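The structure appears below as structure tokens.
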Amino acid sequence: MSTDPRQLQGAPALEIKTSTFSVPTLLLASNNLEAIGQQLLQTVEKAPDFFTHSPVVLDVQALNNRRLPIDLKKLCRLVRDVGMFPIGIRGGNEEQNALALKLAIPNYSTHHPVAAEPAKTKAAPPQAAPAPSPAVKLLTLPVRSGQRIYAEGDLIVLAPVSAGAEVIAEGNIHIYSTLRGRALAGVPNNTDARIFCSDLQAELISIAGNYQVSSNFSAPKGKPVQIYLQEQSLIIKDI
Amino acid sequence: MARIIVVTSGKGGVGKTTTSAAIAMGLAKKGHKTAVIDFDVGLRNLDLIMGCERRVIYDFINVINGEASLNQALIRDKNCNQLYILPASQTRDKDALSQEGVGKVLEELAKDFQYIICDSPAGIEKGAQLAMYYADDAFVVTNPEVSSVRDSDRMLGILSSKSRRAETNQEPIKEYLLLTRYSPERVKLKEMLSVDDVQEILSLHLLGVIPESKSVLNASNSGLPVILDEKSDAGQAYMDVVARYLGEECPHRFIDEKKGLLGKLFGGR
């Protein structure tokens, strides 16, 4: 097939974009394959339209927390037998993640990384477009004093962040409540990251390492604001 | 199945032991077989508040170490035959407690009792962590001042991450706020945080407000849990707390200032 190179330059043949999908996740609580198979079949029979040919992510974190081994190969066969397609594994240990990759199943990181979990697998070839950003981390319970939360992507908190607590994200931070603790967005050097919160009473705010402590900024209490970086200084603005 | 309640706070001197004694007595008086355990090994106090200090023979550590049986160590309360006390050891320290040991004792108690109250020591170290590890419910005792509120907040973080329920992915511990030593007069003078201030910071279900009261000290000195002093405001407040915990509807009292005669006459504030 011959193509005019000029034509190629004009219109790109493809574009890589990040999209978010909602995919069912199989949270495994037992390593008994027989029981899993049976329950899976029952579930699928209840809503065949929904589950047949549906992608599914296998979450083995609870098993690993209790150190229950599982035969990944057989598990995948079980899932495929009921008509679903495993498209990822989450919360796996090093061995399981490696095996999953061999079965052409990508690894996802978890909220609470399992001990000895390897660094994120680099599935994309080097020249590819920027890797899709990791999943958004969502917290619904208050972040208490002394707790430290780290998100590899964006962080959304639906409850207050207490004084003495620390929320850190490589992406943006959204807090739909009062921020009294510390918020560090865009670590280590994402200068485009922003912090959004419904009530800013923070001890410290920082974007890509540019920080300010509360004595150096004033924000009207109880008003939603956003914080972004402009020429290395933090701007606090009403929304 | 027994319900294990931890009374905790992080900060010291806020009223954990007073609360443990009062709640335990309240539950027992309502006919529930209740045990209260002193986890403050080395700084034993609960026996004094419960007025059984002269009847302590064996203690919690003896039971953990298998030197005494649970029945030998449990002290039956003089005022209520549904209430038993398991005192702490005064001669040891918190390192004498072990997770398995505590687990075994609680398991054995659970066969016989409906409620088990764990009176936590102050701090966030081993003693406090073991007191809350097996809990189903937590009463977080807080005074209306900033340092106590922050310590409670810290404790809440530990409750949600380092308990058995958290580690085994069960339903989390139910957390309740108990505001003690509350003085509406001082709140009005802005010397104290108000109930609303504390609730806004901790965002927690309020189980009750215990007013600052002379009756608490009197009760401690006489070795009778303050809940037995039915005429006192603090005693009544604790009764309300027990009733609310057991699911009864009970409006909050002692939050607003008591009106003097003139205030009543003129209806003003």
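Labels for the structure tokens follow display order: chains A, B, ..., residues from 1 in each chain, ligands from 1.
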Using only C-alpha atoms, find each residue in chain A having at least one atom no more than 10 Å away from chain B; report its shortest atom-to-atom pair and that distance in Å (one decimal), rows by chain then rising number, as JSON lines.
{"residue": "A:Ala62", "atom": "CA", "partner": "B:Asn169", "partner_atom": "CA", "distance": 7.8}
{"residue": "A:Asn65", "atom": "CA", "partner": "B:Thr168", "partner_atom": "CA", "distance": 8.2}
{"residue": "A:Arg66", "atom": "CA", "partner": "B:Thr168", "partner_atom": "CA", "distance": 8.0}
{"residue": "A:Leu141", "atom": "CA", "partner": "B:Ser160", "partner_atom": "CA", "distance": 9.6}
{"residue": "A:Pro142", "atom": "CA", "partner": "B:Ser203", "partner_atom": "CA", "distance": 7.8}
{"residue": "A:Val143", "atom": "CA", "partner": "B:Gly157", "partner_atom": "CA", "distance": 7.3}
{"residue": "A:Arg144", "atom": "CA", "partner": "B:Gly157", "partner_atom": "CA", "distance": 5.0}
{"residue": "A:Ser145", "atom": "CA", "partner": "B:Arg154", "partner_atom": "CA", "distance": 4.6}
{"residue": "A:Gly146", "atom": "CA", "partner": "B:Arg154", "partner_atom": "CA", "distance": 5.7}
{"residue": "A:Gln147", "atom": "CA", "partner": "B:Gly157", "partner_atom": "CA", "distance": 6.4}
{"residue": "A:Arg148", "atom": "CA", "partner": "B:Gly157", "partner_atom": "CA", "distance": 10.0}
{"residue": "A:Ala159", "atom": "CA", "partner": "B:Ser203", "partner_atom": "CA", "distance": 8.7}
{"residue": "A:Pro160", "atom": "CA", "partner": "B:Ile201", "partner_atom": "CA", "distance": 7.9}
{"residue": "A:Val161", "atom": "CA", "partner": "B:Ile201", "partner_atom": "CA", "distance": 9.1}
{"residue": "A:Ser162", "atom": "CA", "partner": "B:Ile201", "partner_atom": "CA", "distance": 7.1}
{"residue": "A:Ala163", "atom": "CA", "partner": "B:Arg150", "partner_atom": "CA", "distance": 7.5}
{"residue": "A:Gly164", "atom": "CA", "partner": "B:Arg150", "partner_atom": "CA", "distance": 8.1}
{"residue": "A:Ala165", "atom": "CA", "partner": "B:Arg154", "partner_atom": "CA", "distance": 8.8}
{"residue": "A:Thr178", "atom": "CA", "partner": "B:Ile201", "partner_atom": "CA", "distance": 8.9}
{"residue": "A:Arg180", "atom": "CA", "partner": "B:Ile201", "partner_atom": "CA", "distance": 8.9}
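Summary of the local environment: counting only C-alpha atoms, residues at most 10 Å from Lys126 (chain B), other than itself and those fewer than 6 positions away along its chain, are Lys94, Asp95, Leu97, Ser98 and Gln99 of chain B.
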Selected residues written out, C-alpha atoms, as a compact mmCIF listing (two decimals), in the first residue's frame:
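What landed in part-v2.txt:
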# COMPACT_ATOMS: atom_id res chain seq x y z
CA LYS B 94 1.99 -1.66 79.11
CA ASP B 95 4.49 -4.09 77.59
CA LEU B 97 -0.09 -6.64 77.43
CA SER B 98 -0.03 -8.72 74.27
CA GLN B 99 -2.44 -8.72 71.36
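Surrounding region 151-153 of chain A within 6 Å are Pro134, Val136, Ala169, Glu170 and Gly171 of chain A, with only C-alpha atoms counted and residues fewer than 4 positions along the same chain left out.
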message: Which residues are near Asp40 (chain B)? Cut-off 9 Å, only C-alpha atoms, ignore same chain within fewer than 2 positions. Put them as a PyMOL selection string.
response: chain B and resi 38+42-46+87-90+93-94+119-122+127-128
message: Quick check for you: according to DSSP on this backbone, which residues of region 8-218 of chain B are classed as helix (DSSP H, G or I)? Reply as a ChimeraX atom specification.
response: /B:16-29,46-49,53-55,60-64,70-73,94-96,99-110,126-133,146-161,164-167,184-188,195-202,214-218
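One distance worth recording is that between CA of Leu48 (chain B) and CA of Leu206 (chain B), which is 28.2 Å.
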field: Every residue of region 140-198 of chain A that DSSP places in strand (DSSP E or B), as an MDAnalysis selection string
entry: chainID A and resid 143 148:151 155:157 161 166:169 173:179 182:185 195:198
- prompt: What lies within 9 Å of Lys221 (chain A) using only C-alpha atoms, ignoring chain neighbours under 3 positions off, as a VMD selection string?
  reply: chain A and resid 199 to 201 218 224
Can you write just those residues out, all heavy atoms, as a compact mmCIF listing (two decimals), in the first residue's frame?
# COMPACT_ATOMS: atom_id res chain seq x y z
N ASP A 199 -13.98 25.11 51.49
CA ASP A 199 -13.71 26.00 52.60
C ASP A 199 -12.23 25.89 52.93
O ASP A 199 -11.77 24.84 53.37
CB ASP A 199 -14.58 25.61 53.81
CG ASP A 199 -14.48 26.64 54.92
OD1 ASP A 199 -13.74 27.64 54.76
OD2 ASP A 199 -15.14 26.45 55.96
N LEU A 200 -11.49 26.95 52.70
CA LEU A 200 -10.04 26.90 52.86
C LEU A 200 -9.63 27.41 54.23
O LEU A 200 -9.71 28.60 54.52
CB LEU A 200 -9.37 27.74 51.76
CG LEU A 200 -7.84 27.79 51.80
CD1 LEU A 200 -7.24 26.43 51.49
CD2 LEU A 200 -7.32 28.83 50.83
N GLN A 201 -9.21 26.47 55.09
CA GLN A 201 -8.67 26.88 56.40
C GLN A 201 -7.37 26.11 56.60
O GLN A 201 -7.05 25.66 57.70
CB GLN A 201 -9.65 26.55 57.51
CG GLN A 201 -10.98 27.26 57.40
CD GLN A 201 -11.94 26.83 58.50
OE1 GLN A 201 -11.53 26.48 59.61
NE2 GLN A 201 -13.22 26.85 58.21
N SER A 218 -4.67 34.64 53.15
CA SER A 218 -5.95 34.75 53.82
C SER A 218 -7.03 34.43 52.80
O SER A 218 -6.95 34.86 51.66
CB SER A 218 -6.15 36.16 54.36
OG SER A 218 -6.09 37.07 53.28
N PRO A 224 -16.00 28.65 48.58
CA PRO A 224 -15.22 27.74 47.73
C PRO A 224 -14.15 28.49 46.93
O PRO A 224 -14.42 29.55 46.38
CB PRO A 224 -16.28 27.13 46.80
CG PRO A 224 -17.45 28.03 46.87
CD PRO A 224 -17.39 28.77 48.16
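With only C-alpha atoms as the basis for measurement, A:Asp81 is the residue among A:Asp81, A:Ala98, A:Thr25, A:Ala219 that approaches Gln38 (chain A) most closely.
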Which polymer residues have any atom within 6 Å of an atom of region 211-224 of chain B, counting only C-alpha atoms, with same-chain residues fewer than 5 positions away left out, as a CSV table (one decimal) with C-alpha atoms, in the first residue's frame?
chain,number,residue,atom,x,y,z
B,48,LEU,CA,-10.8,3.6,92.8
B,49,ILE,CA,-13.6,5.2,90.7
B,50,MET,CA,-15.6,1.9,91.1
B,51,GLY,CA,-14.7,1.7,94.8
B,181,ARG,CA,-16.6,18.9,81.2
B,182,TYR,CA,-18.8,21.2,79.1
B,183,SER,CA,-19.7,24.5,80.6
B,234,ALA,CA,-23.6,14.8,85.2
Separation of CA of Val195 (chain B) from CA of Glu257 (chain B), in Å and rounded to one decimal: 12.6 Å
